[in-house]
Structure formats: C-alpha cells, structure tokens
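Structure file run_0.cif (mmCIF, C-alpha atoms) is printed below.
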```
data_my_file
loop_
_atom_site.label_atom_id
_atom_site.label_comp_id
_atom_site.auth_asym_id
_atom_site.auth_seq_id
_atom_site.Cartn_x
_atom_site.Cartn_y
_atom_site.Cartn_z
CA MET A 3 -3.26 -0.15 2.96
CA LEU A 4 -0.59 -2.62 1.97
CA GLY A 5 0.01 -4.52 -1.24
CA LEU A 6 1.77 -4.46 -4.57
CA MET A 7 1.45 -1.74 -7.21
CA GLY A 8 -1.87 -1.80 -9.01
CA VAL A 9 -3.75 -3.63 -6.27
CA GLY A 10 -5.92 -0.59 -5.52
CA LYS A 11 -4.40 0.92 -2.38
CA THR A 12 -5.14 4.49 -3.48
CA THR A 13 -8.68 3.74 -4.70
CA ILE A 14 -9.63 1.65 -1.67
CA GLY A 15 -7.77 3.88 0.79
CA SER A 16 -9.50 7.01 -0.52
CA ALA A 17 -12.94 5.39 -0.31
CA LEU A 18 -12.18 4.06 3.17
CA GLY A 19 -11.00 7.50 4.29
CA ARG A 20 -14.28 9.03 3.10
CA GLU A 21 -16.31 6.39 4.97
CA LEU A 22 -14.33 6.83 8.19
CA GLN A 23 -13.97 10.60 7.73
CA TRP A 24 -10.21 10.21 8.22
CA PRO A 25 -7.49 11.94 6.23
CA VAL A 26 -5.69 9.83 3.63
CA SER A 27 -1.94 9.85 3.14
CA ASP A 28 -0.99 8.26 -0.18
CA SER A 29 2.68 7.43 -0.70
CA ASP A 30 2.89 8.36 -4.38
CA GLN A 31 1.00 11.62 -3.94
CA ALA A 32 2.93 12.66 -0.81
CA ILE A 33 6.29 11.92 -2.42
CA GLU A 34 5.33 13.70 -5.64
CA GLU A 35 4.24 16.80 -3.67
CA ARG A 36 7.40 16.74 -1.56
CA CYS A 37 9.86 16.12 -4.40
CA GLY A 38 8.12 17.71 -7.39
CA ALA A 39 8.43 14.55 -9.50
CA THR A 40 6.51 11.33 -10.06
CA VAL A 41 7.69 8.15 -8.39
CA ARG A 42 8.68 6.85 -11.85
CA GLU A 43 10.83 9.95 -12.42
CA LEU A 44 12.36 9.61 -8.97
CA LYS A 45 13.24 5.94 -9.61
CA ASP A 46 14.98 6.99 -12.83
CA ARG A 47 16.78 9.85 -11.06
CA LEU A 48 17.60 8.30 -7.66
CA GLY A 49 17.56 4.61 -8.48
CA THR A 50 15.33 1.99 -6.91
CA ALA A 51 17.03 2.20 -3.50
CA GLY A 52 16.65 5.98 -3.34
CA MET A 53 12.99 5.81 -4.30
CA HIS A 54 12.35 3.06 -1.74
CA GLN A 55 14.00 5.19 0.94
CA LEU A 56 11.52 8.00 0.21
CA GLU A 57 8.66 5.49 0.41
CA ALA A 58 9.84 4.21 3.80
CA GLN A 59 10.18 7.77 5.08
CA HIS A 60 6.62 8.51 4.01
CA LEU A 61 5.23 5.52 5.90
CA LEU A 62 7.17 6.23 9.08
CA ARG A 63 6.15 9.91 9.06
CA ALA A 64 2.52 9.03 8.42
CA LEU A 65 2.47 6.44 11.22
CA ASP A 66 4.03 8.99 13.56
CA GLN A 67 0.97 11.26 13.34
CA GLU A 68 -1.36 11.22 16.34
CA ALA A 69 -4.66 11.46 14.49
CA ALA A 70 -6.20 8.37 12.93
CA SER A 71 -5.70 8.21 9.17
CA VAL A 72 -5.66 5.88 6.21
CA ILE A 73 -2.15 5.39 4.88
CA CYS A 74 -1.64 4.03 1.38
CA ALA A 75 1.88 2.66 1.67
CA ALA A 76 4.24 1.76 -1.15
CA ALA A 77 4.79 -1.96 -1.61
CA SER A 78 8.50 -1.60 -0.84
CA VAL A 79 7.95 -0.63 2.80
CA VAL A 80 7.63 -4.29 3.83
CA ASP A 81 11.24 -4.80 2.71
CA VAL A 82 12.42 -2.43 5.48
CA PRO A 83 12.69 -3.93 9.00
CA GLU A 84 12.00 -0.55 10.67
CA CYS A 85 8.78 -0.19 8.65
CA ARG A 86 7.69 -3.73 9.48
CA ARG A 87 8.25 -3.07 13.20
CA ALA A 88 6.21 0.14 12.96
CA LEU A 89 3.40 -1.68 11.11
CA GLU A 90 3.30 -4.36 13.80
CA GLY A 91 2.80 -1.74 16.53
CA ASP A 92 -0.44 -1.19 18.38
CA SER A 93 -1.17 2.06 16.55
CA ALA A 94 -1.26 0.43 13.09
CA TYR A 95 -3.87 -1.86 11.56
CA GLY A 96 -2.41 -3.22 8.34
CA VAL A 97 -4.78 -4.30 5.59
CA TRP A 98 -3.15 -6.38 2.86
CA LEU A 99 -4.92 -5.97 -0.46
CA GLN A 100 -4.13 -9.13 -2.38
CA GLY A 101 -4.41 -9.69 -6.11
CA ARG A 102 -3.26 -12.23 -8.65
CA ALA A 103 -0.25 -11.29 -10.79
CA GLU A 104 -2.52 -11.23 -13.85
CA THR A 105 -4.84 -8.72 -12.21
CA LEU A 106 -1.97 -6.48 -11.14
CA ALA A 107 -0.28 -6.57 -14.55
CA GLU A 108 -3.54 -5.58 -16.23
CA ARG A 109 -4.03 -2.65 -13.86
CA PHE A 110 -0.37 -1.61 -14.02
CA ALA A 111 -0.63 -0.82 -17.73
CA GLY A 112 -2.79 2.22 -16.92
CA GLY A 113 -0.39 3.88 -14.48
CA ALA A 114 2.13 6.14 -16.25
CA HIS A 115 3.32 7.51 -12.88
CA ARG A 116 4.39 4.06 -11.64
CA PRO A 117 8.01 2.93 -11.86
CA VAL A 118 8.78 0.13 -14.30
CA PHE A 119 10.85 -2.84 -13.12
CA GLY A 120 10.85 -4.99 -16.26
CA SER A 121 9.20 -5.51 -19.64
CA ASP A 122 7.04 -8.47 -18.52
CA SER A 123 4.77 -6.95 -15.85
CA GLU A 124 3.11 -10.23 -14.96
CA ALA A 125 6.51 -11.88 -14.32
CA VAL A 126 7.57 -8.88 -12.22
CA PHE A 127 4.42 -9.19 -10.09
CA ARG A 128 4.89 -12.94 -9.68
CA ARG A 129 8.44 -12.31 -8.47
CA GLN A 130 7.36 -9.52 -6.12
CA LEU A 131 4.56 -11.68 -4.71
CA GLY A 132 7.11 -14.40 -4.04
CA GLU A 133 9.53 -11.97 -2.39
CA ARG A 134 7.09 -9.90 -0.35
CA SER A 135 4.12 -12.10 0.55
CA ARG A 136 5.68 -13.34 3.79
CA TRP A 137 6.34 -9.76 4.92
CA PHE A 138 2.83 -8.61 4.02
CA ALA A 139 1.43 -11.60 5.92
CA GLU A 140 3.61 -10.76 8.92
CA VAL A 141 2.39 -7.18 9.30
CA ALA A 142 -1.21 -7.38 8.06
CA ARG A 143 -4.02 -7.83 10.54
CA HIS A 144 -6.54 -8.27 7.74
CA ARG A 145 -6.29 -9.64 4.19
CA VAL A 146 -8.65 -8.81 1.35
CA SER A 147 -8.68 -10.27 -2.14
CA VAL A 148 -9.36 -7.66 -4.80
CA ASP A 149 -9.77 -10.10 -7.68
CA GLY A 150 -13.23 -9.82 -9.22
CA ARG A 151 -14.51 -7.47 -6.52
CA THR A 152 -15.69 -3.87 -6.65
CA PRO A 153 -14.09 -1.18 -4.50
CA GLU A 154 -17.38 -0.89 -2.59
CA GLU A 155 -17.31 -4.59 -1.68
CA ILE A 156 -13.70 -4.35 -0.55
CA VAL A 157 -14.36 -1.25 1.57
CA ARG A 158 -17.35 -2.97 3.24
CA ASP A 159 -15.11 -5.94 4.04
CA ILE A 160 -12.46 -3.68 5.59
CA LEU A 161 -15.02 -1.66 7.56
CA ALA A 162 -16.43 -4.89 9.01
CA ALA A 163 -12.94 -6.03 10.04
CA LEU A 164 -12.18 -2.64 11.61
CA SER A 165 -15.48 -2.72 13.50
CA GLN A 166 -14.71 -6.22 14.76
CA ALA A 167 -11.33 -4.92 15.95
CA GLY A 168 -13.05 -2.04 17.79
CA ILE A 169 -11.86 0.65 15.37
CA SER A 170 -14.38 3.22 14.18
CA ALA A 171 -14.61 6.69 12.65
CA ARG A 172 -14.26 8.32 16.05
CA ASP A 173 -10.91 6.63 16.84
#
```

In structure tokens, what does this structure look like?
Amino acid sequence: MLGLMGVGKTTIGSALGRELQWPVSDSDQAIEERCGATVRELKDRLGTAGMHQLEAQHLLRALDQEAASVICAAASVVDVPECRRALEGDSAYGVWLQGRAETLAERFAGGAHRPVFGSDSEAVFRRQLGERSRWFAEVARHRVSVDGRTPEEIVRDILAALSQAGISARD
C-alpha cells in the first residue's frame, strides 16, 4: 500500500490482509514497536531525515520476507531510490491509494500519532502530491482513488486487480 498520510493505507491494508489471509506489516506500527515511540515523537527526536530512514528500513525489511504479505509503507519511501527499485521488482505489487489534498487534510486531523509538517495540512498535502506523485506513479502497478469510496469498495477494486495479475491468497 502506497500513498500519502491519511489516505487509508492501514485501514485498506488491514482489510486486504484479512481477505487474502496474509500478514500485514504497517510502517507506523512496526516502527513504534521497534523504537518504543510514535512516528510523531521520532520525527521530533530524530528529525525528518532520521524518521524517513526508519520508514525506508521498514519497507526494505518487509519486502525481503519470503512469505506474501500486505505492506503499508510510509509515504516517504518513494523518495528513496533503493526503495523505488525494490518496489519495481517482480516480488512487489504496488497499489497507490490516491486522494485529494482536501480529503487527506480532513483525515489527518484525527491522527495524533502522525508527524506534523506544517500548520496548513491541505497545503502540505498539495505540496507532497506535487513532489511525490511521479514516484508513486513510477512504482505502482495499480492506482485506486479513495475519494468518496468505502474501504470495502476499495478492497474489492484491489482484489480484482490482484486477481487479474494472477495474485491470490495462496501466493
């Protein structure tokens, strides 16, 4: 699962994992368990670059596992060339969850664990969409709009794309 903060990677990834009966590796949760602090706290303590390094490490470790899984990656991983190369590999099937800046800003307000990058969330998301969209597009094999859709609709869309690509629960 790829996309900006607030797009629903954890929600959709968890539901997809249940449907496929695959384990789910969520970046925020894995980093919090490993470091004993929220990603917001780690950004404040280590700085943005240090937090992003932990996020890249999570993705690369998760992709290195042999068993099929759903990985909910931090948005920052597309900024890292090594992560983009790994996501373009045959063993990864990137799904880009896309949302409008307005949608993401609205959802962001409810996430106290998320790092803050400015006082105007909508402007931050517009900037991040401008900076990262080309990388998401480069590594994603499937794109899904989340605007105005339920998690169930999004999961059905992803399952259909996976099926079309020959990927199923037994893989």

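On the file presented, the PyMOL selection byres ((chain A and resi 96) around 10) picks out Met3, Leu4, Gly5, Val72, Ile73, Ala75, Leu89, Glu90, Gly91, Ser93, Ala94, Tyr95, Val97, Trp98, Leu99, Phe138, Ala139, Glu140, Val141, Ala142, Arg143, His144 and Arg145 of chain A.
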
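For the set A:Arg87, A:Arg128, A:Arg42, A:Arg158, the residue with the smallest atom-to-atom gap to Glu104 (chain A) is A:Arg128, counting all atoms listed in the file.
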
- Students should find that CA of Val79 (chain A) and CA of Val41 (chain A) are spaced 14.2 Å

- Message: Ranking A:Asp81, A:Glu155, A:Glu21, A:Asp122 by minimum distance to Leu6 (chain A) and counting all atoms listed in the file, which one comes first?
- Response: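 Answer, going by the shortest atom-to-atom distance: A:Asp81.
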
- Contacts of Val82 (chain A) within 10 Å, only C-alpha atoms, excl. fewer than 5 positions in-chain, as a count of residues only: 5

Leaving out region 165-172 of chain A and any residue of its chain fewer than 3 positions from it, which residues lie within 8 Å of it when counting all atoms listed in the file, given as a JSON list (two decimals) with C-alpha atoms, in the coordinates of the input?
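Below is the file out_21.json, written as the result:
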```json
[["chain", "number", "residue", "atom", "x", "y", "z"],
["A", 21, "GLU", "CA", -16.31, 6.39, 4.97],
["A", 22, "LEU", "CA", -14.33, 6.83, 8.19],
["A", 23, "GLN", "CA", -13.97, 10.60, 7.73],
["A", 24, "TRP", "CA", -10.21, 10.21, 8.22],
["A", 161, "LEU", "CA", -15.02, -1.66, 7.56],
["A", 162, "ALA", "CA", -16.43, -4.89, 9.01]]
```
